[in-house]
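Peer 1: File name data-v9.cif; file contents mmCIF, C-alpha atoms; full text below.
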```
data_coords
loop_
_atom_site.label_atom_id
_atom_site.label_comp_id
_atom_site.auth_asym_id
_atom_site.auth_seq_id
_atom_site.Cartn_x
_atom_site.Cartn_y
_atom_site.Cartn_z
CA MET A 20 -274.73 -9.09 -67.22
CA SER A 21 -275.47 -7.28 -64.00
CA ASP A 22 -276.63 -4.31 -66.10
CA LEU A 23 -279.11 -6.56 -67.85
CA LEU A 24 -280.45 -7.69 -64.50
CA ASN A 25 -280.73 -4.08 -63.32
CA ILE A 26 -282.58 -3.09 -66.49
CA GLY A 27 -285.04 -5.93 -66.03
CA ARG A 28 -285.52 -5.18 -62.35
CA ALA A 29 -286.12 -1.46 -62.99
CA ALA A 30 -288.58 -2.29 -65.77
CA LEU A 31 -290.49 -4.66 -63.48
CA GLN A 32 -290.72 -1.96 -60.79
CA ALA A 33 -291.88 0.68 -63.29
CA ASN A 34 -294.50 -1.61 -64.79
CA SER A 35 -295.68 -2.59 -61.32
CA ARG A 36 -296.14 1.08 -60.40
CA ALA A 37 -297.91 1.74 -63.70
CA LEU A 38 -300.30 -1.14 -63.05
CA GLU A 39 -301.07 0.33 -59.63
CA VAL A 40 -301.88 3.70 -61.21
CA VAL A 41 -304.18 2.09 -63.80
CA GLY A 42 -305.86 0.09 -61.04
CA SER A 43 -306.44 3.31 -59.10
CA ASN A 44 -307.96 4.91 -62.20
CA VAL A 45 -310.34 2.00 -62.70
CA ALA A 46 -311.33 1.91 -59.03
CA ASN A 47 -312.17 5.65 -59.06
CA ALA A 48 -313.88 5.79 -62.45
CA GLN A 49 -317.15 6.89 -60.81
CA ASN A 50 -315.56 9.31 -58.35
CA PRO A 51 -316.45 12.87 -59.51
CA ASP A 52 -313.55 14.40 -57.57
CA TYR A 53 -310.93 12.05 -59.03
CA VAL A 54 -308.58 13.18 -61.80
CA ARG A 55 -307.03 10.52 -64.02
CA ARG A 56 -303.40 9.67 -63.22
CA SER A 57 -300.57 8.49 -65.42
CA LEU A 58 -297.06 7.37 -64.55
CA ASN A 59 -294.27 9.60 -65.80
CA ILE A 60 -291.43 7.26 -66.80
CA GLY A 61 -287.97 8.37 -67.93
CA ASP A 62 -284.56 6.77 -68.28
CA THR A 63 -281.46 6.67 -66.12
CA THR A 64 -278.24 8.04 -67.49
CA ILE A 65 -275.08 6.01 -66.98
CA SER A 66 -271.51 7.12 -67.45
CA GLY A 67 -268.10 5.45 -67.17
CA LEU A 68 -264.45 5.63 -68.12
CA THR A 69 -263.58 2.96 -70.70
CA ASN A 70 -259.95 4.01 -71.09
CA PRO A 71 -257.85 6.72 -69.41
CA LEU A 72 -256.75 7.90 -72.87
CA TYR A 73 -260.31 8.56 -74.00
CA GLY A 74 -263.20 10.62 -72.67
CA ASN A 75 -266.01 9.47 -70.42
CA TYR A 76 -268.70 7.23 -71.83
CA THR A 77 -272.30 8.46 -71.38
CA GLY A 78 -275.43 6.59 -72.33
CA THR A 79 -278.87 5.46 -71.21
CA GLY A 80 -279.50 2.65 -68.84
CA SER A 81 -282.74 1.37 -67.35
CA VAL A 82 -286.10 3.08 -66.82
CA ALA A 83 -286.88 5.31 -63.85
CA VAL A 84 -290.18 6.50 -62.38
CA ASN A 85 -290.21 10.31 -62.34
CA GLY A 86 -293.58 10.60 -60.61
CA ILE A 87 -297.33 10.49 -61.01
CA THR A 88 -298.99 13.06 -63.28
CA ARG A 89 -302.60 14.24 -63.03
CA SER A 90 -304.40 14.70 -66.36
CA SER A 91 -305.57 18.20 -65.55
CA ASP A 92 -305.69 21.48 -67.49
CA GLN A 93 -305.59 24.51 -65.19
CA PHE A 94 -307.36 26.76 -67.69
CA LEU A 95 -310.23 24.32 -68.23
CA GLU A 96 -310.48 23.81 -64.46
CA ALA A 97 -310.75 27.58 -63.94
CA ALA A 98 -313.34 27.89 -66.71
CA THR A 99 -315.37 25.02 -65.23
CA ARG A 100 -315.35 26.62 -61.80
CA GLN A 101 -316.71 29.85 -63.31
CA THR A 102 -319.40 28.20 -65.42
CA GLY A 103 -320.35 26.02 -62.45
CA ALA A 104 -320.82 29.12 -60.29
CA ASN A 105 -323.04 30.68 -62.97
CA ARG A 106 -325.06 27.48 -63.32
CA VAL A 107 -325.67 27.17 -59.58
CA ARG A 108 -326.67 30.83 -59.34
CA GLY A 109 -329.24 30.35 -62.12
CA GLU A 110 -330.63 27.14 -60.63
CA VAL A 111 -331.03 28.74 -57.20
CA MET A 112 -332.72 31.83 -58.64
CA VAL A 113 -335.22 29.74 -60.60
CA GLN A 114 -335.97 27.59 -57.55
CA TRP A 115 -336.75 30.51 -55.24
CA LEU A 116 -338.44 32.78 -57.77
CA ASN A 117 -340.71 29.85 -58.55
CA GLN A 118 -341.48 29.59 -54.84
CA GLY A 119 -342.22 33.31 -54.88
CA GLU A 120 -344.68 32.86 -57.72
CA ILE A 121 -346.45 30.11 -55.77
CA ALA A 122 -346.58 32.39 -52.72
CA LEU A 123 -347.98 35.24 -54.80
CA SER A 124 -350.66 33.13 -56.46
CA ASN A 125 -351.54 31.50 -53.11
CA ASN A 126 -352.10 28.16 -54.84
CA ASN A 127 -354.23 29.71 -57.58
CA ALA A 128 -356.37 31.55 -55.03
CA GLY A 129 -354.59 34.89 -55.11
CA VAL A 130 -355.61 38.47 -54.48
CA GLY A 131 -356.39 39.11 -58.14
CA GLU A 132 -358.99 36.38 -58.43
CA GLN A 133 -360.72 37.57 -55.27
CA LEU A 134 -360.79 41.22 -56.39
CA THR A 135 -362.37 40.13 -59.66
CA GLN A 136 -365.04 38.26 -57.73
CA LEU A 137 -365.61 41.33 -55.53
CA PHE A 138 -366.31 43.52 -58.53
CA GLY A 139 -368.63 40.87 -59.94
CA THR A 140 -370.63 40.78 -56.72
CA ALA A 141 -370.80 44.60 -56.71
CA GLU A 142 -372.38 44.55 -60.17
CA GLU A 143 -375.03 42.08 -59.00
CA LEU A 144 -375.67 44.12 -55.87
CA ALA A 145 -376.11 47.29 -57.93
CA ALA A 146 -379.08 45.63 -59.62
CA ILE A 147 -380.69 44.54 -56.33
CA PRO A 148 -379.29 46.84 -53.59
CA PHE A 149 -381.67 45.65 -50.87
CA GLU A 150 -380.99 41.90 -51.30
CA PRO A 151 -379.60 40.69 -47.93
CA ALA A 152 -377.82 37.70 -49.43
CA LEU A 153 -375.96 39.84 -51.95
CA ARG A 154 -375.07 42.37 -49.25
CA ASN A 155 -373.63 39.60 -47.08
CA GLN A 156 -371.79 38.19 -50.07
CA PHE A 157 -370.28 41.63 -50.82
CA VAL A 158 -369.03 42.00 -47.24
CA GLY A 159 -367.77 38.43 -47.38
CA ASP A 160 -365.88 39.18 -50.60
CA VAL A 161 -364.26 42.25 -49.03
CA GLU A 162 -363.26 40.12 -46.05
CA ALA A 163 -361.95 37.36 -48.35
CA SER A 164 -359.88 39.97 -50.21
CA VAL A 165 -358.42 41.13 -46.90
CA GLN A 166 -357.61 37.54 -45.99
CA ARG A 167 -355.94 37.00 -49.37
CA PHE A 168 -353.74 40.02 -48.73
CA ASN A 169 -352.89 38.62 -45.29
CA GLN A 170 -352.11 35.18 -46.67
CA THR A 171 -350.04 36.48 -49.58
CA ALA A 172 -347.99 38.65 -47.24
CA SER A 173 -347.47 35.66 -44.95
CA ASN A 174 -346.49 33.43 -47.88
CA LEU A 175 -343.92 35.92 -49.14
CA SER A 176 -342.56 36.50 -45.65
CA THR A 177 -342.18 32.74 -45.15
CA THR A 178 -340.42 32.33 -48.49
CA ILE A 179 -338.04 35.20 -47.74
CA GLY A 180 -337.34 33.66 -44.35
CA LEU A 181 -336.62 30.29 -45.96
CA ILE A 182 -334.13 32.01 -48.25
CA ASN A 183 -332.37 33.35 -45.16
CA GLY A 184 -332.25 29.82 -43.78
CA ALA A 185 -330.85 28.48 -47.04
CA ALA A 186 -328.24 31.26 -47.15
CA SER A 187 -327.19 30.44 -43.59
CA GLN A 188 -326.75 26.77 -44.53
CA GLU A 189 -324.76 27.68 -47.63
CA THR A 190 -322.51 29.89 -45.50
CA THR A 191 -321.88 26.96 -43.14
CA LYS A 192 -321.05 24.77 -46.14
CA LEU A 193 -318.73 27.48 -47.48
CA ASN A 194 -316.84 27.76 -44.19
CA ALA A 195 -316.39 23.99 -44.06
CA ALA A 196 -314.86 24.08 -47.56
CA LEU A 197 -312.58 26.97 -46.58
CA ASN A 198 -311.34 25.00 -43.57
CA GLU A 199 -310.84 21.93 -45.77
CA LEU A 200 -308.74 23.98 -48.19
CA ALA A 201 -306.61 25.35 -45.35
CA THR A 202 -306.01 21.79 -44.10
CA VAL A 203 -305.03 20.63 -47.59
CA ASN A 204 -302.68 23.62 -48.00
CA ASP A 205 -300.97 22.70 -44.76
CA LYS A 206 -300.40 19.14 -46.00
CA LEU A 207 -299.47 20.09 -49.56
CA ARG A 208 -296.49 22.31 -48.79
CA PRO A 209 -294.21 19.58 -47.33
CA THR A 210 -295.43 16.83 -49.69
CA LYS A 211 -293.16 15.88 -52.58
CA PRO A 212 -294.71 16.59 -56.01
CA GLY A 213 -295.39 13.58 -58.19
CA THR A 214 -296.13 11.25 -55.30
CA GLY A 215 -299.43 9.48 -54.82
CA GLN A 216 -300.09 11.48 -51.66
CA HIS A 217 -299.53 14.74 -53.52
CA THR A 218 -302.02 13.85 -56.27
CA VAL A 219 -304.64 12.86 -53.67
CA LEU A 220 -304.18 16.22 -51.94
CA LEU A 221 -304.58 18.04 -55.26
CA ASP A 222 -307.86 16.21 -55.81
CA ARG A 223 -309.03 17.32 -52.38
CA ARG A 224 -307.93 20.88 -53.12
CA ASP A 225 -309.87 21.00 -56.39
CA ALA A 226 -312.98 19.54 -54.72
CA ALA A 227 -312.82 22.23 -52.02
CA LEU A 228 -312.34 24.95 -54.64
CA THR A 229 -315.39 23.69 -56.52
CA VAL A 230 -317.55 23.92 -53.40
CA ILE A 231 -316.21 27.39 -52.56
CA THR A 232 -316.78 28.85 -56.01
CA GLU A 233 -320.24 27.31 -56.23
CA GLN A 234 -321.17 29.18 -53.03
CA LEU A 235 -319.58 32.58 -53.51
CA ASP A 236 -317.71 34.67 -56.07
CA VAL A 237 -314.07 34.67 -54.95
CA GLN A 238 -310.57 35.08 -56.37
CA ILE A 239 -308.12 32.15 -56.33
CA ASN A 240 -304.34 32.49 -56.25
CA PHE A 241 -302.22 29.34 -56.60
CA GLY A 242 -298.95 29.17 -54.71
CA ASN A 243 -296.01 26.84 -54.27
CA ASN A 244 -296.51 23.10 -54.52
CA GLY A 245 -300.19 23.42 -55.47
CA THR A 246 -301.44 25.46 -52.50
CA ALA A 247 -304.31 27.86 -53.11
CA ASP A 248 -305.23 31.12 -51.39
CA ILE A 249 -308.76 32.58 -51.51
CA SER A 250 -309.74 36.24 -51.34
CA ARG A 251 -312.77 38.39 -52.11
CA ASN A 252 -312.52 42.07 -53.00
CA GLY A 253 -309.09 42.26 -51.41
CA THR A 254 -310.11 40.49 -48.19
CA ASN A 255 -308.41 37.16 -47.49
CA LEU A 256 -310.56 34.14 -46.73
CA VAL A 257 -307.76 31.55 -46.85
CA MET A 258 -304.10 32.49 -46.60
CA PHE A 259 -302.17 29.22 -46.61
CA ASN A 260 -303.59 27.56 -43.45
CA ALA A 261 -305.25 30.64 -41.90
CA VAL A 262 -309.01 31.02 -42.44
CA SER A 263 -311.27 34.07 -42.10
CA SER A 264 -314.77 32.66 -41.75
CA VAL A 265 -317.74 34.07 -43.65
CA SER A 266 -320.63 35.17 -41.42
CA PHE A 267 -324.29 35.30 -42.42
CA ILE A 268 -326.15 38.41 -41.26
CA ALA A 269 -329.96 38.61 -41.45
CA ASN A 270 -331.10 42.23 -41.72
CA PRO A 271 -334.35 43.66 -40.31
CA ASN A 272 -335.43 44.71 -43.83
CA ASN A 273 -335.82 41.07 -44.93
CA SER A 274 -332.43 40.86 -46.66
CA PHE A 275 -329.09 39.33 -45.76
CA ASP A 276 -325.44 40.30 -45.91
CA ILE A 277 -322.20 38.40 -45.58
CA GLU A 278 -319.29 39.47 -43.41
CA ILE A 279 -315.63 38.51 -43.53
CA GLY A 280 -313.63 39.37 -40.46
CA GLY A 281 -316.42 41.59 -39.16
CA THR A 282 -316.57 43.67 -42.35
CA VAL A 283 -319.74 43.66 -44.45
CA GLN A 284 -318.98 42.55 -47.99
CA ALA A 285 -320.53 43.60 -51.27
CA PRO A 286 -323.59 41.48 -52.13
CA PRO A 287 -322.75 38.06 -53.62
CA SER A 288 -322.98 37.98 -57.39
CA ASP A 289 -322.26 34.34 -58.19
CA GLY A 290 -322.75 30.89 -56.79
CA SER A 291 -325.62 29.80 -54.56
CA LEU A 292 -325.30 32.83 -52.26
CA GLY A 293 -325.46 35.11 -55.29
CA GLY A 294 -328.60 33.36 -56.54
CA LEU A 295 -330.20 33.50 -53.09
CA HIS A 296 -329.41 37.19 -52.70
CA ARG A 297 -330.84 38.11 -56.11
CA ALA A 298 -333.97 36.00 -55.60
CA GLN A 299 -334.55 37.46 -52.16
CA SER A 300 -334.12 41.02 -53.42
CA SER A 301 -336.73 40.35 -56.08
CA LEU A 302 -339.19 38.85 -53.60
CA VAL A 303 -338.66 41.66 -51.08
CA THR A 304 -339.59 44.14 -53.84
CA ILE A 305 -342.74 42.14 -54.56
CA ALA A 306 -343.62 42.01 -50.86
CA ASN A 307 -343.26 45.79 -50.64
CA ASP A 308 -345.46 46.17 -53.72
CA ILE A 309 -348.11 43.94 -52.11
CA ASP A 310 -347.98 46.12 -48.98
CA SER A 311 -348.55 49.22 -51.09
CA LEU A 312 -351.34 47.48 -52.96
CA ALA A 313 -353.06 46.48 -49.72
CA VAL A 314 -352.97 50.09 -48.54
CA GLN A 315 -354.38 51.22 -51.89
CA PHE A 316 -357.17 48.65 -51.66
CA ALA A 317 -358.07 49.78 -48.15
CA ASN A 318 -358.11 53.41 -49.20
CA GLU A 319 -360.25 52.60 -52.25
CA ILE A 320 -362.81 50.60 -50.25
CA ASN A 321 -362.98 53.12 -47.40
CA GLY A 322 -363.09 56.07 -49.82
CA TRP A 323 -365.95 54.49 -51.74
CA GLN A 324 -367.80 53.72 -48.50
CA ALA A 325 -367.35 57.30 -47.26
CA ASN A 326 -368.84 58.70 -50.46
CA GLY A 327 -372.13 56.83 -49.94
CA ARG A 328 -374.96 56.68 -47.47
CA THR A 329 -376.30 53.79 -45.43
CA ASP A 330 -379.97 52.82 -45.34
CA ALA A 331 -380.26 55.14 -42.34
CA GLY A 332 -378.82 58.04 -44.36
CA ALA A 333 -375.51 58.18 -42.46
CA PRO A 334 -372.14 58.46 -44.21
CA GLY A 335 -370.42 55.12 -44.63
CA ALA A 336 -367.84 54.15 -41.99
CA PRO A 337 -364.54 52.44 -42.93
CA LEU A 338 -364.84 48.75 -43.80
CA VAL A 339 -361.16 47.90 -43.37
CA THR A 340 -358.21 49.15 -41.36
CA HIS A 341 -354.45 48.73 -41.65
CA SER A 342 -351.09 49.90 -40.34
CA GLY A 343 -349.32 50.17 -43.66
CA THR A 344 -348.74 46.54 -44.62
CA ALA A 345 -350.65 43.73 -46.27
CA GLY A 346 -350.21 41.61 -43.17
CA SER A 347 -351.89 44.23 -40.97
CA ILE A 348 -355.02 44.89 -43.05
CA SER A 349 -358.23 43.71 -41.36
CA MET A 350 -361.98 44.23 -41.24
CA THR A 351 -363.44 46.82 -38.90
CA GLY A 352 -366.39 44.60 -38.07
CA LEU A 353 -369.16 46.42 -39.93
CA SER A 354 -372.17 44.34 -40.95
CA ALA A 355 -374.04 44.16 -44.24
CA ASN A 356 -376.54 46.74 -42.95
CA ASP A 357 -373.69 49.26 -42.57
CA LEU A 358 -372.89 49.27 -46.29
CA ALA A 359 -373.21 52.72 -47.86
CA LEU A 360 -374.86 51.66 -51.11
CA ALA A 361 -376.92 54.79 -51.64
CA SER A 362 -375.70 58.07 -53.08
CA PRO A 363 -375.86 61.33 -51.07
CA ALA A 364 -378.64 62.38 -53.43
CA GLY A 365 -380.77 59.48 -52.20
CA SER A 366 -380.47 56.96 -55.04
CA ALA A 367 -380.64 53.51 -53.40
CA ASN A 368 -377.91 52.07 -55.61
CA GLY A 369 -376.11 55.28 -56.54
CA ASN A 370 -372.92 54.56 -54.62
CA ILE A 371 -372.68 50.86 -55.44
CA LEU A 372 -373.00 51.79 -59.12
CA ALA A 373 -369.93 53.96 -58.64
CA PHE A 374 -367.98 51.00 -57.27
CA VAL A 375 -367.09 49.97 -60.82
CA ASP A 376 -365.18 53.24 -61.17
CA LEU A 377 -362.50 51.69 -58.94
CA ARG A 378 -361.82 49.24 -61.74
CA THR A 379 -359.38 51.50 -63.58
CA ALA A 380 -355.90 51.15 -65.05
CA GLY A 381 -354.42 52.42 -61.80
CA GLY A 382 -356.81 50.52 -59.54
CA SER A 383 -355.86 47.77 -57.12
CA GLU A 384 -357.12 44.98 -59.39
CA GLN A 385 -354.99 46.09 -62.35
CA ASN A 386 -352.00 46.91 -60.17
CA TYR A 387 -352.06 43.38 -58.80
CA GLU A 388 -351.99 42.02 -62.34
CA THR A 389 -348.97 44.23 -63.00
CA ILE A 390 -347.19 42.72 -60.00
CA VAL A 391 -348.01 39.19 -61.15
CA LEU A 392 -346.84 39.87 -64.69
CA GLY A 393 -343.62 41.40 -63.39
CA GLN A 394 -342.94 38.35 -61.26
CA ALA A 395 -343.68 36.05 -64.19
CA GLN A 396 -341.27 38.02 -66.37
CA ASN A 397 -338.57 37.80 -63.69
CA LEU A 398 -339.03 34.05 -63.47
CA LEU A 399 -338.97 33.67 -67.25
CA SER A 400 -335.75 35.69 -67.47
CA ALA A 401 -334.20 33.62 -64.67
CA ARG A 402 -335.10 30.40 -66.46
CA SER A 403 -333.58 31.63 -69.72
CA GLU A 404 -330.44 32.70 -67.86
CA SER A 405 -330.29 29.36 -66.07
CA ASP A 406 -330.72 27.36 -69.27
CA ALA A 407 -327.96 29.33 -71.00
CA ALA A 408 -325.61 28.93 -68.02
CA ALA A 409 -326.34 25.20 -67.80
CA ALA A 410 -325.60 24.71 -71.52
CA PHE A 411 -322.34 26.63 -71.26
CA ASP A 412 -321.37 24.66 -68.16
CA ARG A 413 -322.07 21.33 -69.88
CA ALA A 414 -319.84 22.30 -72.80
CA THR A 415 -317.01 23.41 -70.52
CA ARG A 416 -317.23 20.30 -68.35
CA GLU A 417 -317.24 18.07 -71.39
CA ALA A 418 -314.00 19.68 -72.58
CA ARG A 419 -312.45 19.24 -69.14
CA ASP A 420 -313.71 15.69 -68.68
CA ASN A 421 -312.20 14.65 -72.00
CA ILE A 422 -308.87 15.28 -70.32
CA SER A 423 -309.51 14.53 -66.66
CA ASN A 424 -312.05 11.72 -66.56
CA VAL A 425 -311.21 8.03 -66.54
CA ASP A 426 -311.98 6.18 -69.80
CA LEU A 427 -312.39 2.50 -68.95
CA ASP A 428 -311.66 1.45 -72.54
CA ARG A 429 -308.38 3.30 -72.43
CA GLU A 430 -307.51 1.83 -69.05
CA ALA A 431 -308.29 -1.68 -70.34
CA ALA A 432 -305.91 -1.13 -73.26
CA ASP A 433 -303.25 0.13 -70.86
CA LEU A 434 -303.68 -2.93 -68.68
CA ILE A 435 -303.05 -5.21 -71.68
CA ARG A 436 -300.04 -3.17 -72.76
CA LEU A 437 -298.55 -3.06 -69.27
CA GLN A 438 -299.14 -6.76 -68.75
CA GLN A 439 -297.19 -7.50 -71.92
CA SER A 440 -294.47 -5.09 -70.87
CA TYR A 441 -294.31 -6.71 -67.46
CA GLU A 442 -293.91 -10.14 -69.05
CA ALA A 443 -291.17 -8.78 -71.34
CA SER A 444 -289.32 -7.34 -68.34
CA ALA A 445 -289.55 -10.66 -66.56
CA ARG A 446 -288.21 -12.30 -69.70
CA ILE A 447 -285.15 -10.00 -69.62
CA ILE A 448 -284.33 -11.21 -66.12
CA GLN A 449 -284.89 -14.80 -67.14
CA VAL A 450 -282.53 -14.43 -70.14
CA ALA A 451 -279.90 -12.82 -67.94
CA ARG A 452 -280.21 -15.64 -65.43
CA GLU A 453 -279.97 -18.33 -68.10
CA THR A 454 -276.95 -16.59 -69.63
CA ILE A 455 -275.17 -16.43 -66.29
CA GLN A 456 -275.93 -20.07 -65.62
CA SER A 457 -274.54 -21.01 -69.08
CA ILE A 458 -271.32 -19.07 -68.41
CA LEU A 459 -270.92 -20.67 -65.03
CA ALA A 460 -271.50 -24.11 -66.56
CA ILE A 461 -268.68 -23.49 -69.10
CA VAL A 462 -266.32 -22.43 -66.38
#
```
Give the structure from the file, written as structure tokens.
Peer 2:
Amino acid sequence: MSDLLNIGRAALQANSRALEVVGSNVANAQNPDYVRRSLNIGDTTISGLTNPLYGNYTGTGSVAVNGITRSSDQFLEAATRQTGANRVRGEVMVQWLNQGEIALSNNNAGVGEQLTQLFGTAEELAAIPFEPALRNQFVGDVEASVQRFNQTASNLSTTIGLINGAASQETTKLNAALNELATVNDKLRPTKPGTGQHTVLLDRRDAALTVITEQLDVQINFGNNGTADISRNGTNLVMFNAVSSVSFIANPNNSFDIEIGGTVQAPPSDGSLGGLHRAQSSLVTIANDIDSLAVQFANEINGWQANGRTDAGAPGAPLVTHSGTAGSISMTGLSANDLALASPAGSANGNILAFVDLRTAGGSEQNYETIVLGQAQNLLSARSESDAAAAFDRATREARDNISNVDLDREAADLIRLQQSYEASARIIQVARETIQSILAIV
């Protein structure tokens, strides 16, 4: 009869623990870092000697709680971390390349539009070379073109600088996650597997790993009792509870590097830092192209001016000056009367008629269009890459969530089942009690 009481008591305890686990699942149904738990229940083995002449008796007794199990698949978790890193990289690239396109177009008032207007004014001036208003407009268009180069260079420089700021913030976030993982590792090693505390620590570990992999491409090695070590290209970032912080380094050439333990690492290829690095490299190339284009524009304008003659018959002086960059190009201060519109042969509009010859396939106007089209193609490719990565990530997460996420319908069914089981266990104890009372009443 005492065995019956023990069986009922053990069943009550197991059902009580199971109800706690279900309650925890329901309470954390909206927690993205929570992995569904279930109670692992087994049986206790009993043995005894019924008679010295016979062998030992072995059988099953009451239920026993073996521990709490997380509904997690390590392969799906690894796949989700990889697809998540690809998705974040694509999203970041699209975000910053789009900013680069805005900087290049200068809010739809870019260099290309102004160069087109300059050539249009030159055609009007060729028809009436002595018209003061058209002369002033031509000089004004040259100056506006210079200002567009200045503004575009400033816009791109600002965007590249903002990328550096974003990369620095992501590095800070990465280091915080590395420190969190080291703290979790330190607590995981002495914690008994299957306990509630152990499962909570595993949730924290996986959340830290998600943040880390969404920042930087790293390698993960799982150790004893659920600990995780992080390395990159053979360099350790987390070794149990020891952390090597990642440092952000802004370079003078408008790029950034990351360092681990004072050693410069290979450029990031995945995660937010990978997306930032690729976007910045693309925008730095565009900024260099704009610098070259500004120099070409200055040389074209000054070369055209030098080939003509002013109203006084003097060779044309330079209209613009520069020191090799789009940000440095500026007007020399010449007035409309200093324009060299005439040809050396004396034709009043001979040189301004030749201005249209600058409008060639290799001219500054067409070269700017080439830069814009290249940037548009880069952005289109980044969007396609991002969309593909996002779709793949959704599919992988759906497969993982089917295992790991809390299904409230399932938890409700478990609550009903466990309630009935709890009542049955209580009934066992009640029957045992009534039986004992009946025996005692007979005696």
Peer 1: Could you spell out the hits of the PyMOL selection byres ((chain A and resi 150-167) around 6) on the shown file, as a VMD selection string?
Peer 2: chain A and resid 130 133 137 140 144 147 to 149 168 to 171 355
Peer 1: Could you work out how far atom CA of A:Ser440 lies from atom CA of A:Val54, giving the answer in Å with one decimal?
Peer 2: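 It comes out at 24.8 Å.
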Peer 1: For this structure, which residues satisfy the selection - the PyMOL selection byres ((chain A and resi 249) around 7) - when it is evaluated on the file as given? I want them as JSON, numbers by chain.
Peer 2: {"A": [237, 238, 239, 240, 247, 248, 250, 255, 256, 257, 258]}
Peer 1: Rank A:Glu319, A:Glu442, A:Glu132, A:Asp52 by their smallest atom-to-atom distance to A:Glu388, using all atoms listed in the file, and report the top residue only.
Peer 2: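 Result for the nearest residue to A:Glu388: A:Glu132.
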Peer 1: Output the residue selection produced by the PyMOL selection byres ((chain A and resi 230) around 12) on the file above, formatted as number ranges by chain.
Peer 2: A: 52, 100-101, 103-104, 107, 189-200, 223-229, 231-237, 290-292
Peer 1: Could you give me, as a tab-separated table, every stretch 74-160 of chain A residue with an atom at most 12 Å from stretch 396-405 of chain A, plus its closest atom pair and distance in Å to one decimal, counting all atoms listed in the file, rows ordered by chain then number?
Peer 2:
```
residue	atom	partner	partner_atom	distance
A:Thr102	CA	A:Ser405	CA	11.0
A:Gly103	CA	A:Ser405	CA	11.1
A:Ala104	CA	A:Ser405	CA	11.1
A:Asn105	CA	A:Ser405	CA	8.0
A:Arg106	CA	A:Ser405	CA	6.2
A:Val107	CA	A:Ser405	CA	8.3
A:Arg108	CA	A:Ser405	CA	7.8
A:Gly109	CA	A:Ser405	CA	4.2
A:Glu110	CA	A:Ser405	CA	5.9
A:Val111	CA	A:Ser405	CA	8.9
A:Met112	CA	A:Ala401	CA	6.5
A:Val113	CA	A:Ala401	CA	5.7
A:Gln114	CA	A:Leu398	CA	9.3
A:Trp115	CA	A:Leu398	CA	9.2
A:Leu116	CA	A:Leu398	CA	5.9
A:Asn117	CA	A:Leu398	CA	6.7
A:Gln118	CA	A:Leu398	CA	10.0
A:Gly119	CA	A:Leu398	CA	9.2
A:Glu120	CA	A:Leu398	CA	8.1
A:Ile121	CA	A:Leu398	CA	11.4
```
Peer 1: Using all atoms listed in the file, which residues sit within 10 Å of stretch 270-283 of chain A once same-chain residues fewer than 2 positions away are excluded, as a VMD selection string?
Peer 2: chain A and resid 176 179 to 180 182 to 183 186 to 187 190 251 254 to 256 262 to 268 285 to 287 292 295 to 297 299 to 300 302 to 303 306
Peer 1: Do you know which residues lie at most 7 Å from (-293.6, 11.3, -62.3), with coordinates as in the file and all atoms listed in the file counted, and could you write them as a list of chain:residue names?
Peer 2: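 Returned residue set, sorted by chain then number, is A:Leu58, A:Asn59, A:Ile60, A:Val84, A:Asn85, A:Gly86, A:Ile87, A:Thr88, A:Gly213.
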Peer 1: What's the separation between atom CA of A:Gly369 and atom CA of A:Gln315, in Å to one decimal place?
Peer 2: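 Going from atom CA of A:Gly369 over to atom CA of A:Gln315 covers 22.6 Å.
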Peer 1: Which is closer to A:Asn326 than all the others in A:Gln32, A:Thr202, A:Thr454, A:Ser362, using only C-alpha atoms?
Peer 2: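 The answer is A:Ser362, which sits nearest to A:Asn326.
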Peer 1: Measuring between all atoms listed in the file, which one of A:Leu312, A:Ala345, A:Ala431, A:Ala185 shows the shortest distance to A:Asn44?
Peer 2: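 Residue with the minimum atom-to-atom distance to A:Asn44: A:Ala431.
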Peer 1: Between atom CA of A:Leu459 and atom CA of A:Val82, what is the distance, to one decimal in Å?
Peer 2: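 Going from atom CA of A:Leu459 over to atom CA of A:Val82, I get 28.2 Å.
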Peer 1: Which residues are near A:Phe316? Cut-off 12 Å, only C-alpha atoms, ignore same chain within fewer than 5 positions. Put them as a PyMOL selection string.
Peer 2: chain A and resi 130-131+134+137+161-162+164-165+167-168+309-311+321-323+338-341+343-345+348-349+377-378+381-387
Peer 1: Nearest to A:Arg413: which of A:Ala30, A:Arg328, A:Thr99, A:Arg452 is it, counting only C-alpha atoms?
Peer 2: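 For A:Arg413, the nearest of the given residues is A:Thr99.
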